[in-house]
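Participant: Quick one: this structure, given as structure tokens, is what I'll be asking you about.
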Number of protein chains: 2
Amino acid sequence: MARRRLRALMLASVFVLFPVLAQTKNVAEQLGYPADAKLLIIHADDLAVSHSEDRASFAALDGHAVSAASIMVPCPWLTEVAEYAKAHPDADLGLHLTLTSEWKNYRWGPVASKNEVPGLLGPDGNLWLDVPFVTKNASSAEVETEIRAQIERAMKSGIRPTHVDSHMGTLFTPAFFPAYVKVAREYGLPFLAMRAAGAPAAMLALLKDTDVMPGAITMAAGVEAKNWTEYYMGVIHNLKPGLTELIVHLAYDDAEMQAITEEHPAYGSAWRQRDFDVITSPGFRQALKDNSVTLIGWKDIKERGSRH
Amino acid sequence: MARRRLRALMLASVFVLFPVLAQTKNVAEQLGYPADAKLLIIHADDLAVSHSEDRASFAALDGHAVSAASIMVPCPWLTEVAEYAKAHPDADLGLHLTLTSEWKNYRWGPVASKNEVPGLLGPDGNLWLDVPFVTKNASSAEVETEIRAQIERAMKSGIRPTHVDSHMGTLFTPAFFPAYVKVAREYGLPFLAMRAAGAPAAMLALLKDTDVMPGAITMAAGVEAKNWTEYYMGVIHNLKPGLTELIVHLAYDDAEMQAITEEHPAYGSAWRQRDFDVITSPGFRQALKDNSVTLIGWKDIKERGSRH
């Protein structure tokens, strides 16, 4: 529990709690919409982590219950996702750059050669179990090597990524954020981040006015099971004009996913099934309509970027 | 199909079709049994490949339906098996040394650092899809590096292996057999092989009189689904005095296993469920009794080895 709570706190503290810095144009206007448009990316994280996650996420992508998703390249099921990507060239798929291997029963290593990234390896030769081990042991150069290797492997497997973001937020830490931004720019990929007023100046200084950033990022961290629907409905009802990213983690509550997430209710198997059930429900879809929400994807942001 | 058929043929040609060279003492006598004892190892391959495989194999180990099993160290579920091994110190678990990653949707890389074993890597940076790619591209030195790394990782994870054998038979090829025997001897581990009369003299020359080898190795390769029970009953009814290893591949026919083995009926999900169903059936257990079969494990062979 502790490490996931930490993750939620870290994301919350860096990205959610602080007011967003004002810009001359709001994000909706940057994307060619009226200033009061409520734009939403519903984003499925963690593709390739398991077959259960892939099946649920593909179903949500196919049914347009999510508008984008991102892929964990070092994970065992990458090929399954690459096949889906090739068969669905319109699917909005980015890379969920991954520097941790956080489950007990089921683990993965880096894409780069292990002796090029020794600081990324836990005692069993796989990636570390949690973010603080990475920030303590890995150098920025090792992180850069590994995220480049992940992007290269994804592209070699036939994936044409629309964006990058960061699994468990490891790349949103001050030490690694410069490598993240640098590599994303080199590959011409939009990257998830926020202009959070409380963020270190050195991090904010890396962002350009033309970078499209959500004004809010939210997910069901710390929400009680009985309040799941209420939480998601609240997100939709309270959307602000501009761009919000709603992060979901979709899987079926089956034997595979239960074993992967054993002893970890937060982000666990039932947790992900709840996410799937709510966001694919008619009630949720209706709430999007009733609240005049415009779903967009990272593809829209990438295409806009390529016009500037 | 082709590559699995190849595997079956290779195993058959190297190990099964040739008459076994006569020794002064038969294997039963080597192990302290009467010369006419029918000793059988029922051996579950492929532990750690998936949660489905692990659950079915643990159930068979717990119920003594198999007498030994071996673990694929580079696979994602190694930790799950290591936890089982630590909780069941009497379980007879060896290492299924693995130099291929043979499924399309679901893949794994080497345990050694990739740049130490470039010849073991297919185009996606994981292990090759099949044995001929390994024999064509990898050096004996790379193979030795990787199998040492697998043994070291297993031991570091808390597994105390009773033996080694070879996934898909890669290490039973003339080029790699010397590295296999050398490393097994260094770690004091009995290894699966056969004194097959048709085998190259250079391979046979590596074997010592004190090495305990089965006189026959068999598994349900090429058997039609409807003949599954008949095949296994036939193996038991026709057991010869001495030592036989019956190799089984146990898994539940569920979503995870179906996705891993997609488009591959041989060694597929239903195939493994059939193996599980037959060898855990009362009829099979009764046949073992009726035919005076003595189940032994690799632990018995290892312990005997340590007395010589």
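The way I read the labels, and the way they are meant: chains A, B, ... in the order of the structure tokens, residue 1 as the first residue of every chain, and ligand 1 as the first ligand shown, with later ones counted on from there.
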Can you check which residues of chain A have any atom within 6 Å of chain B? Use only C-alpha atoms and format it as a compact mmCIF listing (two decimals) with N, CA and C atoms, in the first residue's frame.
Facilitator:
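Generated file (selection.txt):
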# COMPACT_ATOMS: atom_id res chain seq x y z
N PRO A 76 5.91 -7.95 -20.82
CA PRO A 76 5.87 -9.17 -21.65
C PRO A 76 4.90 -9.13 -22.83
N TRP A 77 3.81 -8.37 -22.70
CA TRP A 77 2.76 -8.43 -23.71
C TRP A 77 2.89 -7.33 -24.77
N THR A 79 4.18 -7.33 -27.70
CA THR A 79 3.87 -7.77 -29.07
C THR A 79 2.37 -7.77 -29.32
N GLU A 80 1.61 -8.17 -28.30
CA GLU A 80 0.14 -8.17 -28.45
C GLU A 80 -0.35 -6.75 -28.75
N ASN A 105 4.83 -10.77 -7.84
CA ASN A 105 4.84 -12.09 -8.48
C ASN A 105 5.30 -12.08 -9.93
N TYR A 106 5.39 -10.89 -10.51
CA TYR A 106 5.42 -10.77 -11.97
C TYR A 106 6.29 -9.56 -12.29
N ARG A 107 7.42 -9.80 -12.97
CA ARG A 107 8.41 -8.73 -13.04
C ARG A 107 9.01 -8.62 -14.46
N SER A 113 20.51 -2.74 -22.47
CA SER A 113 21.39 -3.78 -21.93
C SER A 113 21.64 -3.50 -20.45
N LYS A 114 21.55 -4.56 -19.63
CA LYS A 114 21.62 -4.34 -18.19
C LYS A 114 22.89 -3.63 -17.74
N ASN A 115 24.01 -3.96 -18.34
CA ASN A 115 25.23 -3.30 -17.85
C ASN A 115 25.39 -1.87 -18.35
Participant: List as a list in words the protein and nucleic acid residues near segment 233-242 of chain B, meaning an atom at most 7 Å away when only C-alpha atoms are counted, but skip any in the same chain fewer than 5 places from it.
Facilitator: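 Once the nearby chain positions are removed, what remains is Asn26, Val27, Ala28, Ala35, Asp36, Ala37, Lys38, Leu39, Gly215, Phe284, Ala287, Leu288 and Asn291 of chain B.
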Participant: When DSSP works through the backbone of this structure, what residues of segment 32-225 of chain B end up as alpha helix (DSSP H), shown as a ChimeraX atom specification?
Facilitator: /B:51-62,78-87,131-137,140-156,177-186,201-204
Participant: Nearest to His96 of chain B: which of B:Tyr33, B:Tyr252, B:Tyr180, B:Phe133 is it, counting only C-alpha atoms?
Facilitator: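 Closest residue, counting only C-alpha atoms: B:Tyr180.
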Participant: Choose the residue, out of B:Met219, B:Ile301, B:Val49, B:Leu204, that has the smallest atom-to-atom separation from Val248 of chain B; count only C-alpha atoms.
Facilitator: B:Met219
Participant: When DSSP works through the backbone of this structure, what residues of segment 114-292 of chain A end up as strand (DSSP E), shown as a PyMOL selection string?
Facilitator: chain A and resi 164-166+216-218+242-248
Participant: Using only C-alpha atoms, which residues sit within 9 Å of Asp253 of chain B once same-chain residues fewer than 6 positions away are excluded, as a ChimeraX atom specification?
Facilitator: /B:52,268-274
Participant: Measure the distance from atom CA of Glu144 of chain B to atom CA of Asp45 of chain B in Å and round it to one decimal.
Facilitator: 21.1 Å
Participant: Atom CA of Arg185 of chain A and atom CA of Leu40 of chain A are how many Å apart?
Facilitator: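 Going from atom CA of Arg185 of chain A over to atom CA of Leu40 of chain A covers 23.3 Å.
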Participant: Separation of atom CA of Ala220 of chain B and atom CA of Trp128 of chain B, in Å?
Facilitator: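 Taking atom CA of Ala220 of chain B as the start and atom CA of Trp128 of chain B as the end point, the length is 24.1 Å.
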Participant: Which neighbours of Ser166 of chain A fall inside 12 Å, counting only C-alpha atoms, when residues of the same chain fewer than 4 positions from it are skipped, and could you give them as number ranges by chain?
Facilitator: A: 7, 11, 45-46, 69-73, 94-100, 131, 143, 147, 150, 170-173, 176-177, 179-181, 184, 191-193, 247
